[in-house]
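What follows is the content of structure-v2.txt, which has compact mmCIF, C-alpha atoms and all ligand atoms:
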# COMPACT_ATOMS: atom_id res chain seq x y z
CA MET S 1 48.34 -64.99 20.01
CA LEU S 2 44.89 -63.81 18.86
CA GLU S 3 42.85 -65.17 15.99
CA ILE S 4 39.67 -63.61 14.70
CA LYS S 5 37.95 -66.28 12.62
CA ASN S 6 35.00 -65.50 10.34
CA VAL S 7 33.47 -63.17 12.88
CA SER S 8 30.02 -61.78 12.11
CA LYS S 9 27.82 -59.63 14.28
CA THR S 10 24.27 -58.55 13.59
CA TYR S 11 22.17 -56.28 15.74
CA GLY S 12 18.38 -56.35 15.82
CA GLN S 13 15.97 -58.36 13.70
CA GLY S 14 13.78 -58.07 10.63
CA THR S 15 13.78 -54.62 9.07
CA ALA S 16 15.82 -53.27 12.01
CA LYS S 17 18.62 -55.75 11.35
CA VAL S 18 22.09 -54.25 11.07
CA VAL S 19 25.08 -56.27 9.93
CA ALA S 20 27.88 -54.66 11.93
CA LEU S 21 30.55 -57.26 11.10
CA SER S 22 30.53 -59.73 8.25
CA ASN S 23 33.01 -62.61 8.06
CA VAL S 24 36.00 -60.76 9.48
CA SER S 25 39.21 -62.78 9.84
CA PHE S 26 42.73 -61.77 10.81
CA ARG S 27 45.35 -62.66 13.34
CA VAL S 28 47.36 -60.67 15.80
CA ASP S 29 50.83 -61.84 16.72
CA GLU S 30 53.05 -60.79 19.54
CA GLY S 31 54.46 -57.33 18.85
CA ASP S 32 51.85 -56.40 16.23
CA PHE S 33 50.53 -52.85 16.00
CA ILE S 34 47.37 -52.80 13.92
CA ALA S 35 45.37 -49.67 13.12
CA ILE S 36 41.70 -50.17 12.25
CA MET S 37 40.29 -47.53 9.93
CA GLY S 38 37.03 -47.09 8.06
CA PRO S 39 34.03 -44.78 7.86
CA SER S 40 31.66 -44.15 10.74
CA GLY S 41 29.40 -47.17 11.23
CA SER S 42 31.77 -49.59 9.47
CA GLY S 43 32.05 -51.82 12.55
CA LYS S 44 35.33 -50.70 14.13
CA SER S 45 34.07 -50.39 17.70
CA THR S 46 31.98 -53.54 17.32
CA LEU S 47 35.14 -55.41 16.33
CA LEU S 48 37.04 -54.23 19.40
CA ASN S 49 34.03 -54.98 21.59
CA VAL S 50 33.77 -58.60 20.49
CA ILE S 51 37.53 -59.07 20.94
CA GLY S 52 37.46 -57.42 24.36
CA GLY S 53 34.48 -59.39 25.60
CA LEU S 54 32.17 -56.38 25.82
CA ASP S 55 29.77 -57.86 23.27
CA TYR S 56 28.90 -61.31 21.93
CA LEU S 57 29.42 -62.13 18.29
CA SER S 58 26.73 -63.77 16.13
CA SER S 59 29.00 -66.31 14.47
CA GLY S 60 32.67 -67.11 14.18
CA GLU S 61 35.36 -67.47 16.82
CA VAL S 62 37.85 -65.38 18.77
CA VAL S 63 40.78 -67.50 19.91
CA LEU S 64 43.34 -66.20 22.39
CA ASP S 65 46.47 -68.27 22.99
CA GLY S 66 44.76 -71.34 21.56
CA LYS S 67 41.58 -70.99 23.61
CA ARG S 68 38.18 -69.73 22.46
CA ILE S 69 37.17 -66.62 24.39
CA ASP S 70 34.09 -65.46 22.45
CA ASN S 71 31.75 -67.79 24.32
CA LEU S 72 32.97 -67.06 27.85
CA ASP S 73 30.60 -65.55 30.35
CA GLU S 74 31.40 -62.34 32.19
CA ASN S 75 32.95 -64.19 35.16
CA ASP S 76 35.36 -66.20 33.03
CA PHE S 77 36.31 -63.13 31.06
CA VAL S 78 37.44 -61.37 34.23
CA ASP S 79 40.53 -63.51 34.22
CA ILE S 80 41.40 -62.41 30.69
CA ARG S 81 40.91 -58.75 31.48
CA ARG S 82 43.08 -59.21 34.53
CA ASN S 83 46.04 -60.61 32.64
CA LYS S 84 45.80 -60.38 28.93
CA ILE S 85 43.56 -57.80 27.29
CA ALA S 86 43.17 -54.17 28.31
CA TYR S 87 40.90 -51.49 26.88
CA VAL S 88 41.48 -47.76 26.34
CA PHE S 89 38.52 -45.59 25.31
CA GLN S 90 38.16 -42.26 23.55
CA GLN S 91 36.32 -40.81 26.55
CA TYR S 92 38.90 -42.11 29.09
CA HIS S 93 36.18 -43.53 31.39
CA LEU S 94 37.95 -42.45 34.57
CA LEU S 95 36.06 -42.23 37.85
CA PRO S 96 35.73 -38.49 38.56
CA SER S 97 35.81 -38.77 42.35
CA LEU S 98 39.09 -40.71 42.43
CA THR S 99 42.61 -39.33 42.06
CA ALA S 100 44.84 -40.33 39.16
CA LEU S 101 46.61 -42.85 41.38
CA GLU S 102 43.35 -44.30 42.71
CA ASN S 103 42.01 -44.67 39.17
CA VAL S 104 45.15 -46.54 38.14
CA MET S 105 44.98 -48.80 41.20
CA LEU S 106 41.31 -49.63 40.64
CA PRO S 107 41.85 -52.82 38.60
CA LEU S 108 44.16 -54.14 41.31
CA THR S 109 41.53 -53.49 43.95
CA PHE S 110 38.87 -55.28 41.88
CA CYS S 111 41.17 -58.23 41.40
CA GLY S 112 41.81 -58.53 45.10
CA LEU S 113 45.50 -57.89 44.68
CA GLY S 114 45.73 -55.40 47.52
CA LYS S 115 46.23 -51.71 47.11
CA GLY S 116 49.27 -51.77 44.85
CA GLU S 117 50.16 -48.16 45.50
CA GLU S 118 53.79 -48.61 44.62
CA LYS S 119 52.96 -50.25 41.32
CA GLY S 120 50.41 -47.54 40.52
CA LEU S 121 52.97 -44.82 41.20
CA GLU S 122 55.59 -46.53 39.08
CA ILE S 123 53.25 -46.85 36.11
CA LEU S 124 52.04 -43.27 36.41
CA LYS S 125 55.67 -42.17 36.35
CA GLY S 126 56.18 -44.32 33.28
CA VAL S 127 53.47 -42.42 31.38
CA GLY S 128 54.96 -39.09 32.48
CA LEU S 129 52.47 -38.29 35.24
CA GLY S 130 54.64 -38.72 38.32
CA GLY S 131 53.75 -35.15 39.29
CA ARG S 132 49.99 -35.55 38.94
CA THR S 133 49.19 -38.56 41.09
CA GLU S 134 46.83 -36.72 43.47
CA HIS S 135 44.95 -34.82 40.76
CA LYS S 136 41.33 -35.68 40.04
CA PRO S 137 40.37 -36.18 36.35
CA SER S 138 38.70 -32.74 36.22
CA GLN S 139 42.05 -31.19 37.18
CA LEU S 140 43.86 -32.88 34.29
CA SER S 141 44.05 -32.05 30.59
CA GLY S 142 42.58 -34.45 28.02
CA GLY S 143 46.00 -35.84 27.16
CA GLU S 144 46.80 -36.32 30.84
CA GLN S 145 43.48 -38.07 31.46
CA GLN S 146 44.22 -40.43 28.59
CA ARG S 147 47.64 -41.13 30.11
CA VAL S 148 45.90 -42.08 33.36
CA ALA S 149 43.56 -44.36 31.41
CA ILE S 150 46.55 -45.97 29.68
CA ALA S 151 48.32 -46.38 33.02
CA ARG S 152 45.19 -48.04 34.38
CA ALA S 153 45.15 -50.38 31.37
CA LEU S 154 48.79 -51.29 32.03
CA VAL S 155 48.55 -52.01 35.71
CA ASN S 156 47.83 -55.69 35.14
CA SER S 157 50.49 -56.12 32.42
CA PRO S 158 48.23 -57.06 29.49
CA SER S 159 49.80 -58.58 26.40
CA LEU S 160 47.18 -56.99 24.12
CA ILE S 161 45.85 -53.44 24.29
CA LEU S 162 42.63 -52.49 22.50
CA ALA S 163 42.21 -48.76 21.97
CA ASP S 164 39.08 -47.19 20.46
CA GLU S 165 40.02 -43.77 19.05
CA PRO S 166 42.29 -42.99 21.99
CA THR S 167 43.39 -39.72 20.39
CA GLY S 168 39.93 -38.78 19.12
CA ASN S 169 39.38 -36.07 21.74
CA MET S 170 42.74 -34.38 21.37
CA ASP S 171 44.50 -31.76 19.34
CA GLN S 172 47.11 -33.12 16.95
CA GLU S 173 50.09 -32.38 19.17
CA THR S 174 48.62 -34.18 22.19
CA GLY S 175 47.47 -37.02 19.95
CA LYS S 176 51.07 -37.47 18.79
CA GLU S 177 52.24 -37.71 22.40
CA ILE S 178 49.67 -40.39 23.19
CA LEU S 179 50.63 -42.21 19.99
CA GLY S 180 54.27 -42.09 21.17
CA LEU S 181 53.21 -43.78 24.38
CA PHE S 182 51.49 -46.58 22.45
CA GLN S 183 54.55 -46.97 20.26
CA GLN S 184 56.72 -47.32 23.35
CA LEU S 185 54.37 -49.98 24.75
CA ASN S 186 54.61 -51.79 21.42
CA VAL S 187 58.42 -51.66 21.49
CA ASP S 188 58.19 -53.11 25.00
CA GLY S 189 56.45 -56.13 23.49
CA ARG S 190 52.74 -55.45 23.80
CA SER S 191 50.44 -55.99 20.85
CA ILE S 192 48.13 -53.12 19.99
CA ILE S 193 44.91 -52.83 18.02
CA MET S 194 43.96 -49.17 17.67
CA VAL S 195 40.89 -47.73 15.98
CA THR S 196 41.56 -44.32 14.50
CA HIS S 197 40.11 -41.90 11.99
CA ASP S 198 43.40 -40.07 11.67
CA PRO S 199 45.66 -41.18 8.78
CA ASP S 200 48.63 -39.43 10.42
CA ILE S 201 48.19 -41.67 13.46
CA ALA S 202 47.45 -44.83 11.43
CA GLN S 203 50.61 -44.52 9.36
CA HIS S 204 52.65 -45.25 12.49
CA ALA S 205 51.08 -48.68 12.89
CA LYS S 206 52.72 -51.76 11.41
CA GLU S 207 49.54 -52.67 9.54
CA ILE S 208 46.31 -50.90 8.66
CA ILE S 209 43.09 -52.88 8.35
CA VAL S 210 40.33 -51.00 6.57
CA LEU S 211 36.70 -51.85 7.30
CA GLN S 212 33.68 -50.92 5.26
CA ASP S 213 30.14 -52.12 5.90
CA GLY S 214 31.49 -54.64 8.42
CA GLN S 215 33.97 -56.21 6.02
CA ILE S 216 37.71 -55.96 5.63
CA ILE S 217 38.23 -54.21 2.29
CA ASP S 218 41.96 -53.54 2.53
CA ARG S 219 45.05 -54.47 4.52
CA ILE S 220 48.09 -52.26 4.23
CA ASN S 221 51.40 -53.58 5.50
CA GLN S 222 53.65 -50.72 6.55
CA LYS S 223 56.85 -52.70 7.11
CA GLY S 224 57.25 -52.07 10.78
CA GLY S 225 55.48 -48.72 10.87
CA LYS S 226 56.87 -45.22 10.65
CA GLN S 227 58.70 -44.26 13.82
N1 LIG Z 301 23.96 -51.86 20.27
C1 LIG Z 301 23.65 -51.70 18.99
N2 LIG Z 301 22.42 -51.97 18.52
C2 LIG Z 301 22.12 -51.84 17.22
N3 LIG Z 301 22.97 -51.45 16.27
C3 LIG Z 301 24.23 -51.16 16.66
C4 LIG Z 301 24.63 -51.28 18.03
N4 LIG Z 301 25.94 -50.92 18.10
C5 LIG Z 301 26.33 -50.61 16.86
N5 LIG Z 301 25.31 -50.76 15.98
C6 LIG Z 301 25.37 -50.53 14.52
O1 LIG Z 301 26.43 -51.33 14.01
C7 LIG Z 301 27.16 -50.61 13.01
C8 LIG Z 301 28.63 -50.56 13.39
O2 LIG Z 301 28.77 -49.72 14.53
P1 LIG Z 301 30.17 -49.38 15.18
O3 LIG Z 301 29.91 -48.66 16.44
O4 LIG Z 301 30.98 -50.62 15.26
O5 LIG Z 301 30.81 -48.42 14.08
P2 LIG Z 301 32.20 -47.62 14.09
O6 LIG Z 301 32.94 -48.06 12.88
O7 LIG Z 301 32.86 -47.79 15.40
O8 LIG Z 301 31.72 -46.12 13.87
P3 LIG Z 301 32.32 -44.73 14.47
O9 LIG Z 301 33.51 -44.40 13.62
O10 LIG Z 301 31.21 -43.76 14.26
O11 LIG Z 301 32.66 -44.94 15.91
C9 LIG Z 301 26.50 -49.26 12.89
O12 LIG Z 301 25.65 -49.28 11.78
C10 LIG Z 301 25.71 -49.11 14.17
O13 LIG Z 301 24.56 -48.35 13.97
MG MG Z 302 33.31 -46.44 16.96

Re-express the file's structure as structure tokens.
Ligand SMILES: Nc1ncnc2c1ncn2[C@@H]1O[C@H](COP(=O)(O)OP(=O)(O)OP(=O)(O)O)[C@@H](O)[C@H]1O
Ligand SMILES: [Mg+2]
Amino acid sequence: MLEIKNVSKTYGQGTAKVVALSNVSFRVDEGDFIAIMGPSGSGKSTLLNVIGGLDYLSSGEVVLDGKRIDNLDENDFVDIRRNKIAYVFQQYHLLPSLTALENVMLPLTFCGLGKGEEKGLEILKGVGLGGRTEHKPSQLSGGEQQRVAIARALVNSPSLILADEPTGNMDQETGKEILGLFQQLNVDGRSIIMVTHDPDIAQHAKEIIVLQDGQIIDRINQKGGKQ
């Protein structure tokens, strides 16, 4: 479904030039669960950003369902975010003044799909937050806030979920719970690309891609991932 072809990304020019990604290629098929690992500054977030349309690449192609998406402008990418690719961040990025339910419903509102309260409630229940729908982010634990962010990512039924260190702000126990949620989404048929520093988390993916200095230096197939 997704092909990353010879993707390179450089920031800046001259002596300030940084090669964040260099000739990265891999593909993501339906049902894949890929963990991206590598030292700080190796290009992990940059990779997710160019896949998710948050940043332009310098050369190469990103092809989704047979169609190039790396050269789309912001308006055209809206359609893809609406239906196909969702993002989950380490810092949750919830709106503090909105309740959990309102945060989850936000993408529906933006897409002009009405209020979608029922759908929002159903998805919040699905991530185990049926009893927290009226809480504001500040009234929720880190793990709960990440569940809201995941629910928000799911509201438009994406086929691919990009997650940048989604468990990075949590203790190990809570991180395991969030991982369990991603595993469930994967079993339900969604493809996942997850950046993580935590080997205990990464070993549950089906494949680990290791980046260093913007290049893929290793790919570890884990035969379906540890359950
Ligand atoms: N907007 C930017 N302008 C200039 N350089 C950048 C920019 N964003 C990232 N970089 C550089 O690109 C390289 C890759 O950064 P990236 O954020 O992808 O690393 P990362 O692997 O996600 O690291 P971390 O584990 O610390 O999150 C780094 O050297 C970084 O300094
Ligand atoms: Mg990063």

Q: Please give me, as a list in words, the residues lying within 10 Å of ligand MG 302 (chain Z) when counting all atoms listed in the file.
A: Met37, Gly38, Pro39, Ser40, Gly41, Ser42, Gly43, Lys44, Ser45, Thr46, Leu47, Leu48, Asn49, Phe89, Gln90, Asp164, Glu165, Val195, Thr196 and His197 of chain S

**Q.** From S:Ile220, S:Ala163, S:Leu72, S:Leu108, residue lying nearest ligand LIG 301 (chain Z) [only C-alpha atoms and all ligand atoms]
**A.** S:Ala163

Q: Kindly give the distance, in Å, that separates CA of Pro199 (chain S) and atom C1 of ligand LIG 301 (chain Z), rounded to a single decimal.
A: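 Between these atoms lies a distance of 26.4 Å.
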
Q: Dump as a ChimeraX atom specification all residues having an atom at most 8 Å from (52.5, -49.2, 36.3), computed in the file's coordinates with all atoms listed in the file.
A: /S:119-126,151-152,154-155

Shell of 10 Å around Ser8 (chain S), all atoms listed in the file, local chain residues under 4 positions omitted, as a short mmCIF file (atom, residue, chain, number, x, y, z; two decimals) with C-alpha atoms, in the frame of the given file:
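Output (selection-v4.cif):
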data_model
loop_
_atom_site.label_atom_id
_atom_site.label_comp_id
_atom_site.auth_asym_id
_atom_site.auth_seq_id
_atom_site.Cartn_x
_atom_site.Cartn_y
_atom_site.Cartn_z
CA VAL S 19 25.08 -56.27 9.93
CA ALA S 20 27.88 -54.66 11.93
CA LEU S 21 30.55 -57.26 11.10
CA SER S 22 30.53 -59.73 8.25
CA ASN S 23 33.01 -62.61 8.06
CA VAL S 24 36.00 -60.76 9.48
CA SER S 25 39.21 -62.78 9.84
CA THR S 46 31.98 -53.54 17.32
CA LEU S 47 35.14 -55.41 16.33
CA VAL S 50 33.77 -58.60 20.49
CA TYR S 56 28.90 -61.31 21.93
CA LEU S 57 29.42 -62.13 18.29
CA SER S 58 26.73 -63.77 16.13
CA SER S 59 29.00 -66.31 14.47
CA GLY S 60 32.67 -67.11 14.18
CA GLU S 61 35.36 -67.47 16.82
CA GLY S 214 31.49 -54.64 8.42
CA GLN S 215 33.97 -56.21 6.02
#

Q: Find the spatial neighbours of Gln183 (chain S), counting only C-alpha atoms, within a cut-off of 10 Å - ignore same-chain residues fewer than 3 positions away - and output them as a PyMOL selection string.
A: chain S and resi 33+177-180+186-192+204-205+225+227

**Q.** Nearby residues (all atoms listed in the file) at most 6 Å from Ile4 (chain S), same-chain spacing under 6 positions excluded, as a ChimeraX atom specification
**A.** /S:25-27,62

Q) Which residue gives the smallest distance to ligand LIG 301 (chain Z) among S:Ala202, S:Leu185, S:Ile150, S:Ala16, with all atoms listed in the file counted? A) S:Ala16

Any chance you could work out the axis-aligned box around ligand LIG 301 (chain Z), listed atoms only, 4 Å on each side, giving centre and edge lengths in Å to one decimal, as AutoDock Vina command-line options?
--center_x 27.8 --center_y -47.9 --center_z 16.0 --size_x 19.4 --size_y 16.2 --size_z 16.5

Q. Using only C-alpha atoms, can you list as a ChimeraX atom specification the residues within 12 Å of (40.9, -31.5, 36.9)?
A. /S:94-100,132-145

Q | Two-atom distance - atom O13 of ligand LIG 301 (chain Z), CA of Val18 (chain S) (Å) | A |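 So the two atoms, atom O13 of ligand LIG 301 (chain Z) and CA of Val18 (chain S), lie 7.0 Å apart.
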
Q.
Considering only C-alpha atoms, can you say which of S:Lys5, S:Arg81, S:His93, S:Lys206 comes closest to Ala149 (chain S)?
A.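 With only C-alpha atoms as the atom set, the closest residue is S:His93.
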
Q.
Please compute the CA of Asn83 (chain S)-CA of Gly53 (chain S) distance, one decimal, in Å.
A. 13.6 Å

(Q) Please determine, counting only C-alpha atoms, which residue among S:Asp200, S:Asp171, S:Glu118, S:Glu207 has the shortest atom-to-atom distance to Gly130 (chain S). (A)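 The shortest atom-to-atom distance to Gly130 (chain S) comes from S:Glu118.
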
Q) Nearest to Asn156 (chain S): which of S:Val127, S:Met170, S:Val78, S:Ile216 is it, counting all atoms listed in the file? A)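 Selected residue with least distance to Asn156 (chain S): S:Val78.
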
**Q.** Contacts of Arg219 (chain S) within 7 Å, all atoms listed in the file, excl. fewer than 6 positions in-chain, as a PyMOL selection string
**A.** chain S and resi 207-210

Write a file of the just-selected residues containing C-alpha atoms, as a PDB file, in the coordinates of the input.
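Wrote it out as part02.pdb, contents follow:
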ATOM      1  CA  GLU S 207      49.540 -52.670   9.540  1.00  0.00           C
ATOM      2  CA  ILE S 208      46.310 -50.900   8.660  1.00  0.00           C
ATOM      3  CA  ILE S 209      43.090 -52.880   8.350  1.00  0.00           C
ATOM      4  CA  VAL S 210      40.330 -51.000   6.570  1.00  0.00           C
TER       5      VAL S 210
END

Q. S:Asn169, S:Gln184, S:Gln146, S:Asn221: which is nearest Gln203 (chain S), counting all atoms listed in the file?
A. S:Asn221
